[in-house]
Structures are given as structure tokens and as C-alpha cells.
$ cat target.txt   # compact mmCIF, C-alpha atoms and all ligand atoms
# COMPACT_ATOMS: atom_id res chain seq x y z
CA MET J 230 -23.22 8.69 -18.16
CA THR J 231 -19.96 10.61 -17.69
CA GLY J 232 -20.58 13.50 -20.09
CA ASP J 233 -20.96 15.85 -17.13
CA VAL J 234 -17.84 14.59 -15.34
CA ARG J 235 -14.56 16.52 -15.31
CA VAL J 236 -11.33 15.33 -13.68
CA ARG J 237 -9.12 18.05 -12.19
CA ALA J 238 -6.45 18.56 -9.53
CA MET J 239 -7.71 18.47 -5.95
CA HIS J 240 -7.75 21.74 -3.96
CA ALA J 241 -7.79 22.28 -0.20
CA GLU J 242 -11.53 23.19 -0.42
CA ASP J 243 -12.24 19.68 -1.79
CA VAL J 244 -10.90 17.83 1.23
CA GLU J 245 -14.15 17.65 3.26
CA ALA J 246 -16.22 16.31 0.35
CA ALA J 247 -13.44 13.94 -0.72
CA ALA J 248 -13.10 12.59 2.83
CA ALA J 249 -16.86 12.01 3.15
CA THR J 250 -16.96 10.26 -0.23
CA LEU J 251 -13.94 8.09 0.60
CA TYR J 252 -15.32 7.09 3.99
CA GLU J 253 -18.81 6.31 2.63
CA ALA J 254 -17.61 4.40 -0.45
CA PHE J 255 -15.27 2.20 1.61
CA TYR J 256 -17.83 1.71 4.39
CA ASP J 257 -20.43 0.60 1.85
CA ILE J 258 -18.25 -1.92 -0.03
CA HIS J 259 -16.80 -3.39 3.19
CA ALA J 260 -20.26 -3.65 4.82
CA ARG J 261 -21.69 -5.38 1.73
CA HIS J 262 -18.96 -8.02 1.96
CA ASN J 263 -19.04 -8.31 5.74
CA PHE J 264 -15.51 -6.92 6.12
CA LEU J 265 -16.10 -4.08 8.59
CA PRO J 266 -14.33 -2.12 9.97
CA SER J 267 -13.26 -0.70 6.63
CA LEU J 268 -9.79 0.62 5.81
CA PHE J 269 -11.11 4.10 6.66
CA PRO J 270 -13.18 3.53 9.83
CA SER J 271 -14.24 7.20 10.19
CA VAL J 272 -14.48 10.42 8.18
CA ASP J 273 -11.63 11.69 10.37
CA SER J 274 -9.34 8.86 9.26
CA ALA J 275 -10.23 9.50 5.60
CA ARG J 276 -9.59 13.25 6.07
CA ALA J 277 -6.23 12.59 7.74
CA VAL J 278 -5.04 10.45 4.82
CA ILE J 279 -6.24 12.90 2.16
CA SER J 280 -4.87 15.96 3.97
CA GLY J 281 -1.54 14.20 4.47
CA LEU J 282 -1.27 13.40 0.77
CA LEU J 283 -2.34 16.90 -0.30
CA ASP J 284 -0.47 19.00 2.29
CA GLY J 285 2.69 16.92 2.28
CA ARG J 286 2.90 17.05 -1.51
CA LEU J 287 3.45 13.31 -1.30
CA ALA J 288 1.13 12.59 -4.19
CA ARG J 289 -0.68 14.12 -7.12
CA CYS J 290 -4.30 14.37 -6.01
CA PHE J 291 -7.25 14.25 -8.44
CA THR J 292 -10.99 14.81 -8.10
CA ALA J 293 -13.88 14.01 -10.40
CA VAL J 294 -16.55 16.72 -10.35
CA ALA J 295 -20.01 16.84 -11.91
CA GLY J 296 -22.44 19.75 -11.72
CA GLY J 297 -20.21 21.48 -9.18
CA GLU J 298 -20.22 18.43 -6.86
CA LEU J 299 -17.28 16.21 -6.04
CA VAL J 300 -18.12 12.66 -7.20
CA GLY J 301 -14.79 10.91 -6.73
CA SER J 302 -11.08 11.20 -6.02
CA THR J 303 -7.80 9.37 -6.39
CA PHE J 304 -4.07 9.81 -5.81
CA LEU J 305 -0.83 9.12 -7.68
CA THR J 306 2.34 8.66 -5.62
CA GLU J 307 5.42 8.81 -7.86
CA ARG J 308 8.83 7.44 -6.90
CA GLY J 309 11.20 7.50 -9.85
CA ALA J 310 10.01 5.09 -12.53
CA THR J 311 7.39 3.57 -10.20
CA ALA J 312 4.09 5.05 -9.04
CA GLY J 313 1.36 3.87 -6.70
CA ILE J 314 -2.34 4.56 -7.13
CA GLY J 315 -4.94 4.91 -4.43
CA PRO J 316 -7.13 5.19 -2.60
CA VAL J 317 -9.78 5.46 -5.35
CA SER J 318 -13.35 6.29 -4.42
CA VAL J 319 -16.54 7.23 -6.24
CA ALA J 320 -19.70 8.60 -4.58
CA ILE J 321 -22.09 5.73 -3.88
CA GLY J 322 -24.85 7.18 -6.08
CA ARG J 323 -22.46 7.49 -9.05
CA GLN J 324 -20.74 4.09 -8.90
CA GLY J 325 -20.95 1.78 -11.90
CA GLY J 326 -21.41 4.74 -14.26
CA GLY J 327 -17.88 5.29 -15.57
CA VAL J 328 -16.53 7.85 -13.05
CA GLY J 329 -13.88 5.43 -11.76
CA ARG J 330 -12.75 4.76 -15.34
CA ARG J 331 -12.43 8.50 -16.00
CA LEU J 332 -10.32 8.96 -12.86
CA MET J 333 -8.06 6.04 -13.72
CA GLU J 334 -7.59 7.20 -17.30
CA ALA J 335 -6.56 10.63 -16.02
CA LEU J 336 -3.99 9.06 -13.67
CA ILE J 337 -2.56 6.83 -16.38
CA ALA J 338 -2.20 9.83 -18.69
CA ALA J 339 -0.61 11.92 -15.93
CA ALA J 340 1.91 9.19 -15.08
CA GLY J 341 3.38 8.91 -18.56
CA PRO J 342 4.14 5.84 -20.66
CA THR J 343 7.32 4.60 -18.93
CA THR J 344 5.99 4.49 -15.40
CA SER J 345 5.37 1.16 -13.68
CA LEU J 346 1.99 1.74 -12.04
CA ARG J 347 1.00 -0.31 -9.02
CA LEU J 348 -2.10 -0.68 -6.90
CA THR J 349 -3.64 -3.04 -4.41
CA GLN J 350 -7.28 -3.96 -4.71
CA SER J 351 -9.54 -5.79 -2.23
CA LEU J 352 -10.09 -9.25 -3.65
CA PHE J 353 -13.78 -9.19 -2.72
CA ASN J 354 -14.28 -6.19 -5.01
CA THR J 355 -15.05 -7.66 -8.43
CA ARG J 356 -15.90 -4.24 -9.88
CA SER J 357 -12.56 -2.60 -9.09
CA PHE J 358 -10.69 -5.71 -10.27
CA ALA J 359 -12.58 -5.63 -13.59
CA LEU J 360 -11.99 -1.91 -14.02
CA TYR J 361 -8.24 -2.05 -13.39
CA HIS J 362 -7.78 -5.23 -15.43
CA SER J 363 -9.54 -3.66 -18.41
CA LEU J 364 -7.08 -0.74 -18.17
CA GLY J 365 -4.01 -2.99 -18.48
CA PHE J 366 -3.27 -3.77 -14.83
CA VAL J 367 -2.02 -7.34 -14.43
CA PRO J 368 -2.46 -9.28 -11.16
CA ARG J 369 1.10 -10.17 -10.09
CA ASP J 370 0.63 -11.51 -6.58
CA ILE J 371 -1.73 -11.55 -3.62
CA VAL J 372 -1.17 -9.40 -0.55
CA ALA J 373 -2.11 -10.83 2.85
CA TRP J 374 -2.67 -8.28 5.60
CA LEU J 375 -1.76 -10.20 8.76
CA GLU J 376 -2.73 -9.44 12.35
CA GLY J 377 -2.90 -11.01 15.79
CA GLY J 378 0.30 -13.06 15.80
CA SER J 379 3.02 -13.44 18.37
CA LEU J 380 6.47 -14.06 16.91
CA PRO J 381 9.16 -15.97 18.83
CA THR J 382 11.51 -13.14 19.82
CA ASP J 383 14.40 -15.57 20.39
CA THR J 384 14.67 -16.47 16.68
CA PRO J 385 18.46 -16.58 16.21
CA PRO J 386 20.02 -14.76 13.27
CA PRO J 387 21.96 -16.90 10.76
CA ALA J 388 25.51 -17.67 11.95
CA GLY J 389 27.77 -14.64 11.76
CA THR J 390 24.87 -12.19 11.36
CA THR J 391 24.16 -9.50 13.93
CA VAL J 392 20.96 -7.49 14.32
CA ARG J 393 21.02 -3.97 15.76
CA PRO J 394 18.90 -0.78 15.72
CA TRP J 395 19.57 1.44 12.70
CA SER J 396 20.94 4.99 12.92
CA GLU J 397 20.98 8.02 10.66
CA ALA J 398 24.41 7.02 9.37
CA ASP J 399 22.99 3.74 8.02
CA LEU J 400 20.56 5.42 5.60
CA PRO J 401 22.75 5.43 2.46
CA ALA J 402 23.49 1.69 2.80
CA VAL J 403 19.80 0.94 3.48
CA LEU J 404 18.78 2.84 0.34
CA ARG J 405 21.34 0.98 -1.77
CA LEU J 406 20.18 -2.42 -0.50
CA ASP J 407 16.51 -1.50 -0.94
CA GLN J 408 17.12 -0.34 -4.50
CA GLU J 409 19.08 -3.48 -5.34
CA LEU J 410 16.57 -5.98 -3.90
CA CYS J 411 13.25 -4.22 -4.59
CA GLY J 412 14.20 -2.12 -7.62
CA LEU J 413 12.53 0.89 -5.99
CA ASP J 414 13.61 4.48 -5.60
CA ARG J 415 11.89 5.38 -2.33
CA ALA J 416 14.51 7.51 -0.58
CA PRO J 417 11.97 10.06 0.79
CA ASP J 418 9.87 7.30 2.37
CA ILE J 419 12.80 5.54 4.00
CA ALA J 420 14.10 8.86 5.32
CA SER J 421 10.67 9.56 6.85
CA TYR J 422 10.46 6.06 8.43
CA ARG J 423 13.84 6.86 9.98
CA THR J 424 12.42 9.94 11.75
CA SER J 425 8.90 8.68 12.50
CA GLY J 426 9.54 4.99 13.20
CA ARG J 427 12.03 2.48 14.55
CA GLY J 428 14.31 0.29 12.47
CA TRP J 429 16.71 -2.64 12.76
CA LEU J 430 19.49 -3.85 10.50
CA ALA J 431 21.09 -7.22 9.92
CA GLU J 432 24.72 -7.25 8.89
CA GLN J 433 27.64 -9.61 8.52
CA ASP J 434 31.26 -8.40 8.60
CA GLY J 435 29.98 -4.85 8.08
CA ARG J 436 27.93 -5.83 5.01
CA LEU J 437 24.25 -4.92 5.20
CA LEU J 438 21.92 -7.92 4.69
CA GLY J 439 18.53 -6.44 5.48
CA TYR J 440 16.42 -3.92 7.37
CA VAL J 441 12.97 -3.70 8.95
CA VAL J 442 10.83 -0.71 9.97
CA VAL J 443 8.13 -0.47 12.68
CA LEU J 444 5.71 2.46 12.82
CA GLY J 445 3.42 3.33 15.72
CA HIS J 446 3.14 2.11 19.30
CA ARG J 447 -0.45 1.28 20.29
CA HIS J 448 -1.20 -0.47 16.97
CA PRO J 449 2.28 -1.07 15.58
CA LEU J 450 2.71 -1.69 11.87
CA CYS J 451 5.74 -3.63 10.69
CA GLY J 452 7.13 -2.92 7.22
CA PRO J 453 8.67 -2.25 4.89
CA ALA J 454 11.34 -4.85 5.39
CA THR J 455 13.73 -6.35 2.93
CA ALA J 456 16.53 -8.86 3.35
CA ARG J 457 18.83 -10.91 1.19
CA ASP J 458 17.18 -14.14 2.41
CA GLU J 459 14.32 -15.36 4.55
CA PRO J 460 16.31 -16.46 7.63
CA THR J 461 17.69 -12.92 7.86
CA LEU J 462 14.21 -11.45 7.51
CA ARG J 463 12.91 -13.77 10.25
CA ALA J 464 15.66 -12.59 12.61
CA LEU J 465 14.81 -8.96 11.80
CA LEU J 466 11.10 -9.58 12.43
CA ALA J 467 11.94 -11.22 15.76
CA ALA J 468 13.94 -8.12 16.76
CA ALA J 469 11.02 -5.92 15.75
CA ALA J 470 8.61 -8.17 17.69
CA SER J 471 10.54 -7.71 20.92
CA ASP J 472 9.90 -3.94 20.56
CA ALA J 473 6.42 -4.15 19.01
CA PRO J 474 4.72 -7.45 19.84
CA GLY J 475 1.80 -8.34 17.58
CA ALA J 476 2.68 -5.75 14.92
CA GLU J 477 0.55 -6.07 11.78
CA MET J 478 2.26 -6.91 8.48
CA ARG J 479 1.54 -7.08 4.77
CA ILE J 480 3.25 -9.74 2.71
CA LEU J 481 3.14 -11.11 -0.81
CA VAL J 482 1.73 -14.63 -0.41
CA SER J 483 4.09 -16.03 -3.07
CA GLN J 484 6.58 -16.04 -0.16
CA THR J 485 5.04 -19.33 0.92
CA SER J 486 7.45 -20.41 3.67
CA LEU J 487 7.40 -16.94 5.25
CA LEU J 488 3.60 -17.04 5.25
CA GLU J 489 3.68 -20.50 6.88
CA TRP J 490 6.07 -19.25 9.58
CA LEU J 491 3.89 -16.22 10.34
CA ARG J 492 0.71 -18.32 10.39
CA ALA J 493 2.39 -20.79 12.77
CA ALA J 494 3.07 -17.78 15.04
CA GLY J 495 -0.67 -17.14 15.19
CA TYR J 496 -1.03 -14.49 12.48
CA ARG J 497 -4.47 -14.42 10.85
CA VAL J 498 -5.44 -12.86 7.54
CA ARG J 499 -7.52 -9.70 7.91
CA PHE J 500 -7.73 -8.87 4.17
CA PHE J 501 -6.54 -10.29 0.90
CA ASP J 502 -5.70 -7.80 -1.87
CA SER J 503 -4.52 -8.42 -5.37
CA PHE J 504 -1.28 -6.63 -6.23
CA MET J 505 -1.76 -5.28 -9.74
CA VAL J 506 0.87 -3.71 -11.99
CA ARG J 507 0.57 -1.85 -15.29
CA GLY J 508 3.96 -1.81 -17.01
CA ALA J 509 7.32 -3.11 -15.84
CA TRP J 510 7.40 -5.54 -12.95
CA ARG J 511 9.91 -7.81 -11.36
CA PRO J 512 9.25 -9.53 -8.04
CA PRO J 513 11.43 -8.29 -5.16
CA ALA J 514 14.58 -10.35 -4.66
CA GLY J 515 15.27 -11.93 -1.25
CA ALA J 516 12.45 -11.66 1.30
CA THR J 517 10.23 -8.63 1.93
CA LEU J 518 7.35 -7.08 3.83
CA LEU J 519 5.35 -4.43 2.02
CA PRO J 520 5.15 -0.87 3.38
CA TRP J 521 1.99 0.75 4.79
CA PHE J 522 2.53 4.29 3.44
CA PRO J 523 2.55 4.38 0.48
CA GLU J 524 0.92 0.96 0.49
CA THR J 525 1.48 0.05 -3.14
CA PHE J 526 5.23 -0.46 -3.37
C1 LIG N 1 -14.16 0.78 -7.41
C2 LIG N 1 -14.69 2.13 -7.89
C3 LIG N 1 -13.64 3.20 -7.65
C4 LIG N 1 -14.95 2.01 -9.40
O1 LIG N 1 -15.51 3.20 -9.88
P1 LIG N 1 -16.90 3.12 -10.69
O2 LIG N 1 -17.20 4.49 -11.17
O3 LIG N 1 -17.91 2.45 -9.84
O4 LIG N 1 -16.48 2.15 -11.89
P2 LIG N 1 -16.78 2.31 -13.46
O5 LIG N 1 -18.25 2.39 -13.68
O6 LIG N 1 -15.95 3.42 -14.03
O7 LIG N 1 -16.13 0.97 -14.04
C5 LIG N 1 -16.49 -0.28 -13.59
C6 LIG N 1 -16.24 -1.27 -14.73
O8 LIG N 1 -16.23 -2.59 -14.23
C7 LIG N 1 -17.19 -3.37 -14.92
N1 LIG N 1 -17.62 -4.39 -14.00
C8 LIG N 1 -18.21 -4.22 -12.81
N2 LIG N 1 -18.36 -5.42 -12.22
C9 LIG N 1 -17.84 -6.34 -13.05
C10 LIG N 1 -17.68 -7.75 -13.01
N3 LIG N 1 -18.09 -8.45 -11.95
N4 LIG N 1 -17.09 -8.38 -14.04
C11 LIG N 1 -16.65 -7.67 -15.10
N5 LIG N 1 -16.79 -6.33 -15.21
C12 LIG N 1 -17.38 -5.69 -14.19
C13 LIG N 1 -18.24 -2.40 -15.34
O9 LIG N 1 -19.01 -2.90 -16.41
C14 LIG N 1 -17.34 -1.22 -15.78
O10 LIG N 1 -16.72 -1.51 -17.01
P3 LIG N 1 -17.06 -0.64 -18.33
O11 LIG N 1 -16.48 0.74 -18.11
O12 LIG N 1 -16.34 -1.38 -19.43
O13 LIG N 1 -18.55 -0.65 -18.45
C15 LIG N 1 -16.01 2.51 -7.16
O14 LIG N 1 -16.99 1.55 -7.45
C16 LIG N 1 -15.85 2.65 -5.65
O15 LIG N 1 -15.61 3.75 -5.17
N6 LIG N 1 -16.04 1.54 -4.89
C17 LIG N 1 -15.93 1.59 -3.44
C18 LIG N 1 -14.53 1.93 -2.96
C19 LIG N 1 -13.53 1.02 -3.59
O16 LIG N 1 -13.67 -0.19 -3.58
N7 LIG N 1 -12.43 1.61 -4.13
C20 LIG N 1 -11.41 0.89 -4.84
C21 LIG N 1 -10.42 0.35 -3.92
S1 LIG N 1 -9.18 -0.56 -4.80
$ encode --input "target.txt" --output "C-alpha cells"
Amino acid sequence: MTGDVRVRAMHAEDVEAAAATLYEAFYDIHARHNFLPSLFPSVDSARAVISGLLDGRLARCFTAVAGGELVGSTFLTERGATAGIGPVSVAIGRQGGGVGRRLMEALIAAAGPTTSLRLTQSLFNTRSFALYHSLGFVPRDIVAWLEGGSLPTDTPPPAGTTVRPWSEADLPAVLRLDQELCGLDRAPDIASYRTSGRGWLAEQDGRLLGYVVVLGHRHPLCGPATARDEPTLRALLAAAASDAPGAEMRILVSQTSLLEWLRAAGYRVRFFDSFMVRGAWRPPAGATLLPWFPETF
């Protein structure tokens, strides 16, 4: 069924069709599982994400075309030896016919053999899980997207630890800590959080122990965050909560005591995703929150 399908780089002229396909495909799967609103609640939101990825050269952008029509798209965000995939979407009328497999095979080939490829996948979506699993992606953890909580802002930092807002001068130390704990090379992302968001650091005797980022004001998003231990992360999240109460977060649920603490603060799960990796993987050391953009690190 895919003999007519060709995968090629996305062009600016593809954005409208890709945005409509992304919006419709996500609306349909979320509606069928009673999970509305979807991750892309409007064509505008889908267009904004695609245009950002294409214009900002943040990702390699791919389309599947058949008979001159766009039938799917996906994105590869490379950061050193790690790359994230997504969002992936196939036109509703073409789903289940091999287009998604063709797109994924093209991405895997484009990434090269040494890249650790990561994606998150809605747990209610048995088709996407089956597709990715058959292509060598291994489920490594579960991501809980948490909303609606209210953290105690008076959570004290561990003895001897101070928490303060970050500044431009802190960036090199933040990058070193992030690389050490998470094994990621995401300097461009952290530099952009520094200009577009707010951040706090925890330190002891001048030694950096962790950082947290908050993006947005009306619907604040908290993360990424990484710290040498959970008490330090809790203190950082409390500092962030005093600036951005109720910020949404994404965590790996294998951090069981962190999840318990957040649930006790009233956080509810909006979505569960599986966190799937093809290639090298080691869990982050210390305690972490996942980022929102790119969402797969
Ligand atoms: C998920 C999506 C991208 C997959 O693309 P697609 O073109 O529909 O998928 P394909 O037909 O290429 O592959 C699906 C595979 O899963 C298999 N499959 C589907 N449901 C399955 C199940 N419950 N158990 C086992 N295998 C299953 C199919 O048989 C097929 O495998 P095959 O190639 O060996 O025959 C597409 O369906 C989509 O856009 N969905 C809505 C948006 C979305 O959820 N995006 C992904 C977000 S992570």
C-alpha cells in the first residue's frame, strides 16, 4: 500500500498541509480514546510547532507524499549523540497502511547508526507503540504529564544549600552539570531557556547541585530540571512554584518518591506516555523533570 509514497525533506509550502494533517490525526486519536483536548488543540497550534521546527532549523523535517498530496510528516531533533523524534502524524485516510513505517525508517536512516533515538508515545495508542517497538525502540520508562497541583513553597533546601535565580554567567556550570547527570548535549536548548524562561539554581559552597527552568506565565511549564538528589530538586521546584504556582511538569514515573510528593501536592496525571529508546540509554542520575521542547530528552 506504500508503493506510491515518497519521503522527502519538508519545504515551507508543505506547512499548511502538514499542520492540518497533524491537527486532524491527533484530534482523531485523542477523541477515540476520550483524551480531548489533544496535544495540538487547533490547526494554529500545530502550525506554530511545525513552523518553529522548520524556520528555527531546530530539527530535520520530513514529509511523506503520495500522488502530489502530503500524507504524513515527522521531525528529527539532533543533539550530539542523542536525537528526539516527533511529532509523527499520518493523514487519517492513510493510517494503518505503512506510511508511518516509511517515515520512521527514513528518520532512522537519516540519524545514523550511533545515535540514541528517543520518543514519547501516548500509552493509549497501541498502533504507534507496536510500530516503534517493531523498529527496535525499547520502552525504558513511563512519562507522567502532571497538572493541577499546588506545591508547598516553603519546602526548605537541604542544610547548607541555597537556592537563587540563575544568571547568564551560570550557563557553563549548568551545562556541565546537565551533561554529567543526564548524559545529554543540549547546550542550544538550555541557552534558549535562559533567554525565554526563568531559572533557579541550588548550590552549596559555590558548587552547583541542580537547576530548574520555568517557561510561560499564563500556563507555566516547569522543566527541564536536574539535581544531584531529590531533596535538592524539591527545593528547586518549591522556588519555581513561588514564581509559577501550578506549573505543569513531566516526570519519569520510576522516580517513585518524587511522584508521591507531587501527587500529595494535588498533581493529577493528564497523560501517560511511554518513553522509548532505540540505541544507547542510561537513566538520568539524581532527580529530573523532563523538558517540554524538545519533549523527548
Ligand atoms: C501512529 C501513526 C503515525 C502510525 O502510522 P501508520 O501509517 O498508521 O502506521 P503503519 O501502518 O506504518 O504501521 C502500524 C504498524 O502497527 C501494527 N499494529 C497496529 N496496531 C497494532 C496492535 N494493536 N498490535 C500489534 N501491532 C499493531 C500494524 O500492523 C503495522 O505493522 P506492520 O507494518 O508490521 O503491518 C499514525 O497512525 C497516526 O498518525 N496516528 C495518529 C497520531 C499519532 O498518534 N501519532 C503518533 C504519536 S507518538
$ closest_atom_pairs --input "target.txt" --of "chain J" --to "ligand LIG 1 (chain N)" --cutoff "10 Å" --atoms "all atoms listed in the file" --output "CSV"
residue,atom,partner,partner_atom,distance
J:Met230,CA,N:LIG1,O5,9.2
J:Thr231,CA,N:LIG1,O6,9.0
J:Thr250,CA,N:LIG1,O15,8.3
J:Leu251,CA,N:LIG1,C18,7.1
J:Tyr252,CA,N:LIG1,C18,8.7
J:Glu253,CA,N:LIG1,C17,8.2
J:Ala254,CA,N:LIG1,C17,4.4
J:Phe255,CA,N:LIG1,C18,4.6
J:Tyr256,CA,N:LIG1,C17,8.1
J:Asp257,CA,N:LIG1,C17,7.0
J:Ile258,CA,N:LIG1,C17,5.4
J:His259,CA,N:LIG1,O16,8.1
J:Leu268,CA,N:LIG1,C21,9.8
J:Val300,CA,N:LIG1,O2,9.1
J:Gly301,CA,N:LIG1,O15,7.4
J:Ser302,CA,N:LIG1,C3,8.6
J:Thr303,CA,N:LIG1,C3,8.6
J:Ile314,CA,N:LIG1,S1,8.9
J:Gly315,CA,N:LIG1,S1,6.9
J:Pro316,CA,N:LIG1,C21,6.0
J:Val317,CA,N:LIG1,N7,4.8
J:Ser318,CA,N:LIG1,O15,3.5
J:Val319,CA,N:LIG1,O15,3.8
J:Ala320,CA,N:LIG1,O15,6.4
J:Ile321,CA,N:LIG1,O15,6.9
J:Gly322,CA,N:LIG1,O3,9.2
J:Arg323,CA,N:LIG1,O2,6.4
J:Gln324,CA,N:LIG1,O3,3.4
J:Gly325,CA,N:LIG1,O5,3.3
J:Gly326,CA,N:LIG1,O5,4.0
J:Gly327,CA,N:LIG1,O6,3.1
J:Val328,CA,N:LIG1,O2,3.9
J:Gly329,CA,N:LIG1,O1,3.3
J:Arg330,CA,N:LIG1,O6,3.7
J:Arg331,CA,N:LIG1,O6,6.5
J:Leu332,CA,N:LIG1,O6,8.0
J:Met333,CA,N:LIG1,O6,8.3
J:Glu334,CA,N:LIG1,O6,9.7
J:Leu348,CA,N:LIG1,S1,7.4
J:Thr349,CA,N:LIG1,S1,6.1
J:Gln350,CA,N:LIG1,S1,3.9
J:Ser351,CA,N:LIG1,S1,5.8
J:Leu352,CA,N:LIG1,S1,8.8
J:Phe353,CA,N:LIG1,O16,9.0
J:Asn354,CA,N:LIG1,O16,6.2
J:Thr355,CA,N:LIG1,N3,4.7
J:Arg356,CA,N:LIG1,N2,3.6
J:Ser357,CA,N:LIG1,C1,4.1
J:Phe358,CA,N:LIG1,O8,7.5
J:Ala359,CA,N:LIG1,N5,4.6
J:Leu360,CA,N:LIG1,O8,4.3
J:Tyr361,CA,N:LIG1,O8,8.1
J:His362,CA,N:LIG1,O8,8.9
J:Ser363,CA,N:LIG1,O12,7.2
J:Leu364,CA,N:LIG1,O12,9.4
J:Asp502,CA,N:LIG1,S1,8.6
J:Ser503,CA,N:LIG1,S1,9.2
$ closest_residue --input "target.txt" --among "J:Met505, J:Glu307, J:Arg237, J:Ser271" --to "Ile371 of chain J" --atoms "all atoms listed in the file"
J:Met505
$ residues_around --input "target.txt" --residues "Gly389 of chain J" --least-positions-apart "6" --cutoff "10 Å" --atoms "all atoms listed in the file" --output "ChimeraX atom specification"
/J:432-434
$ atom_distance --input "target.txt" --atom1 "atom CA of Val403 of chain J" --atom2 "atom CA of Ile480 of chain J"
19.7 Å
$ closest_residue --input "target.txt" --among "J:Ala288, J:Pro460, J:Ala335, J:Val372" --to "Val498 of chain J" --atoms "only C-alpha atoms"
J:Val372
$ residues_around --input "target.txt" --residues "Arg286 of chain J" --least-positions-apart "2" --cutoff "12 Å" --atoms "all atoms listed in the file" --output "PyMOL selection string"
chain J and resi 239-241+279-284+288-290+304-307+417
$ write_last_selection --input "target.txt" --atoms "C-alpha atoms" --output "PDB file, in the frame of the given file"
ATOM      1  CA  MET J 239      -7.710  18.470  -5.950  1.00  0.00           C
ATOM      2  CA  HIS J 240      -7.750  21.740  -3.960  1.00  0.00           C
ATOM      3  CA  ALA J 241      -7.790  22.280  -0.200  1.00  0.00           C
ATOM      4  CA  ILE J 279      -6.240  12.900   2.160  1.00  0.00           C
ATOM      5  CA  SER J 280      -4.870  15.960   3.970  1.00  0.00           C
ATOM      6  CA  GLY J 281      -1.540  14.200   4.470  1.00  0.00           C
ATOM      7  CA  LEU J 282      -1.270  13.400   0.770  1.00  0.00           C
ATOM      8  CA  LEU J 283      -2.340  16.900  -0.300  1.00  0.00           C
ATOM      9  CA  ASP J 284      -0.470  19.000   2.290  1.00  0.00           C
ATOM     10  CA  ALA J 288       1.130  12.590  -4.190  1.00  0.00           C
ATOM     11  CA  ARG J 289      -0.680  14.120  -7.120  1.00  0.00           C
ATOM     12  CA  CYS J 290      -4.300  14.370  -6.010  1.00  0.00           C
ATOM     13  CA  PHE J 304      -4.070   9.810  -5.810  1.00  0.00           C
ATOM     14  CA  LEU J 305      -0.830   9.120  -7.680  1.00  0.00           C
ATOM     15  CA  THR J 306       2.340   8.660  -5.620  1.00  0.00           C
ATOM     16  CA  GLU J 307       5.420   8.810  -7.860  1.00  0.00           C
ATOM     17  CA  PRO J 417      11.970  10.060   0.790  1.00  0.00           C
TER      18      PRO J 417
END
$ closest_residue --input "target.txt" --among "J:Trp490, J:Tyr422, J:Tyr440, J:Tyr496" --to "Gly377 of chain J" --atoms "all atoms listed in the file"
J:Tyr496
$ residues_near_point --input "target.txt" --point "(6.4, 0.2, -14.6)" --cutoff "10 Å" --atoms "only C-alpha atoms" --output "PyMOL selection string"
chain J and resi 309-312+342-347+506-511
$ build_atoms --input "target.txt" --residues "segment 488-502 of chain J" --atoms "N, CA and C atoms" --output "PDB file, in the frame of the given file"
ATOM      1  N   LEU J 488       5.005 -17.047   4.841  1.00  0.00           N
ATOM      2  CA  LEU J 488       3.600 -17.040   5.250  1.00  0.00           C
ATOM      3  C   LEU J 488       3.337 -18.181   6.245  1.00  0.00           C
ATOM      4  N   GLU J 489       3.877 -19.360   5.965  1.00  0.00           N
ATOM      5  CA  GLU J 489       3.680 -20.500   6.880  1.00  0.00           C
ATOM      6  C   GLU J 489       4.239 -20.175   8.265  1.00  0.00           C
ATOM      7  N   TRP J 490       5.431 -19.579   8.295  1.00  0.00           N
ATOM      8  CA  TRP J 490       6.070 -19.250   9.580  1.00  0.00           C
ATOM      9  C   TRP J 490       5.219 -18.248  10.364  1.00  0.00           C
ATOM     10  N   LEU J 491       4.705 -17.241   9.665  1.00  0.00           N
ATOM     11  CA  LEU J 491       3.890 -16.220  10.340  1.00  0.00           C
ATOM     12  C   LEU J 491       2.563 -16.823  10.800  1.00  0.00           C
ATOM     13  N   ARG J 492       1.969 -17.686   9.996  1.00  0.00           N
ATOM     14  CA  ARG J 492       0.710 -18.320  10.390  1.00  0.00           C
ATOM     15  C   ARG J 492       0.933 -19.225  11.605  1.00  0.00           C
ATOM     16  N   ALA J 493       2.078 -19.926  11.625  1.00  0.00           N
ATOM     17  CA  ALA J 493       2.390 -20.790  12.770  1.00  0.00           C
ATOM     18  C   ALA J 493       2.559 -19.961  14.040  1.00  0.00           C
ATOM     19  N   ALA J 494       2.922 -18.684  13.879  1.00  0.00           N
ATOM     20  CA  ALA J 494       3.070 -17.780  15.040  1.00  0.00           C
ATOM     21  C   ALA J 494       1.730 -17.145  15.409  1.00  0.00           C
ATOM     22  N   GLY J 495       0.666 -17.607  14.803  1.00  0.00           N
ATOM     23  CA  GLY J 495      -0.670 -17.140  15.190  1.00  0.00           C
ATOM     24  C   GLY J 495      -1.237 -16.020  14.346  1.00  0.00           C
ATOM     25  N   TYR J 496      -0.503 -15.583  13.321  1.00  0.00           N
ATOM     26  CA  TYR J 496      -1.030 -14.490  12.480  1.00  0.00           C
ATOM     27  C   TYR J 496      -2.235 -14.981  11.678  1.00  0.00           C
ATOM     28  N   ARG J 497      -3.261 -14.135  11.639  1.00  0.00           N
ATOM     29  CA  ARG J 497      -4.470 -14.420  10.850  1.00  0.00           C
ATOM     30  C   ARG J 497      -4.593 -13.390   9.741  1.00  0.00           C
ATOM     31  N   VAL J 498      -5.278 -13.774   8.666  1.00  0.00           N
ATOM     32  CA  VAL J 498      -5.440 -12.860   7.540  1.00  0.00           C
ATOM     33  C   VAL J 498      -6.638 -11.957   7.802  1.00  0.00           C
ATOM     34  N   ARG J 499      -6.387 -10.643   7.771  1.00  0.00           N
ATOM     35  CA  ARG J 499      -7.520  -9.700   7.910  1.00  0.00           C
ATOM     36  C   ARG J 499      -8.123  -9.395   6.545  1.00  0.00           C
ATOM     37  N   PHE J 500      -7.271  -9.154   5.540  1.00  0.00           N
ATOM     38  CA  PHE J 500      -7.730  -8.870   4.170  1.00  0.00           C
ATOM     39  C   PHE J 500      -6.800  -9.560   3.190  1.00  0.00           C
ATOM     40  N   PHE J 501      -7.350  -9.937   2.064  1.00  0.00           N
ATOM     41  CA  PHE J 501      -6.540 -10.290   0.900  1.00  0.00           C
ATOM     42  C   PHE J 501      -6.748  -9.200  -0.150  1.00  0.00           C
ATOM     43  N   ASP J 502      -5.637  -8.736  -0.732  1.00  0.00           N
ATOM     44  CA  ASP J 502      -5.700  -7.800  -1.870  1.00  0.00           C
ATOM     45  C   ASP J 502      -4.980  -8.438  -3.044  1.00  0.00           C
TER      46      ASP J 502
END
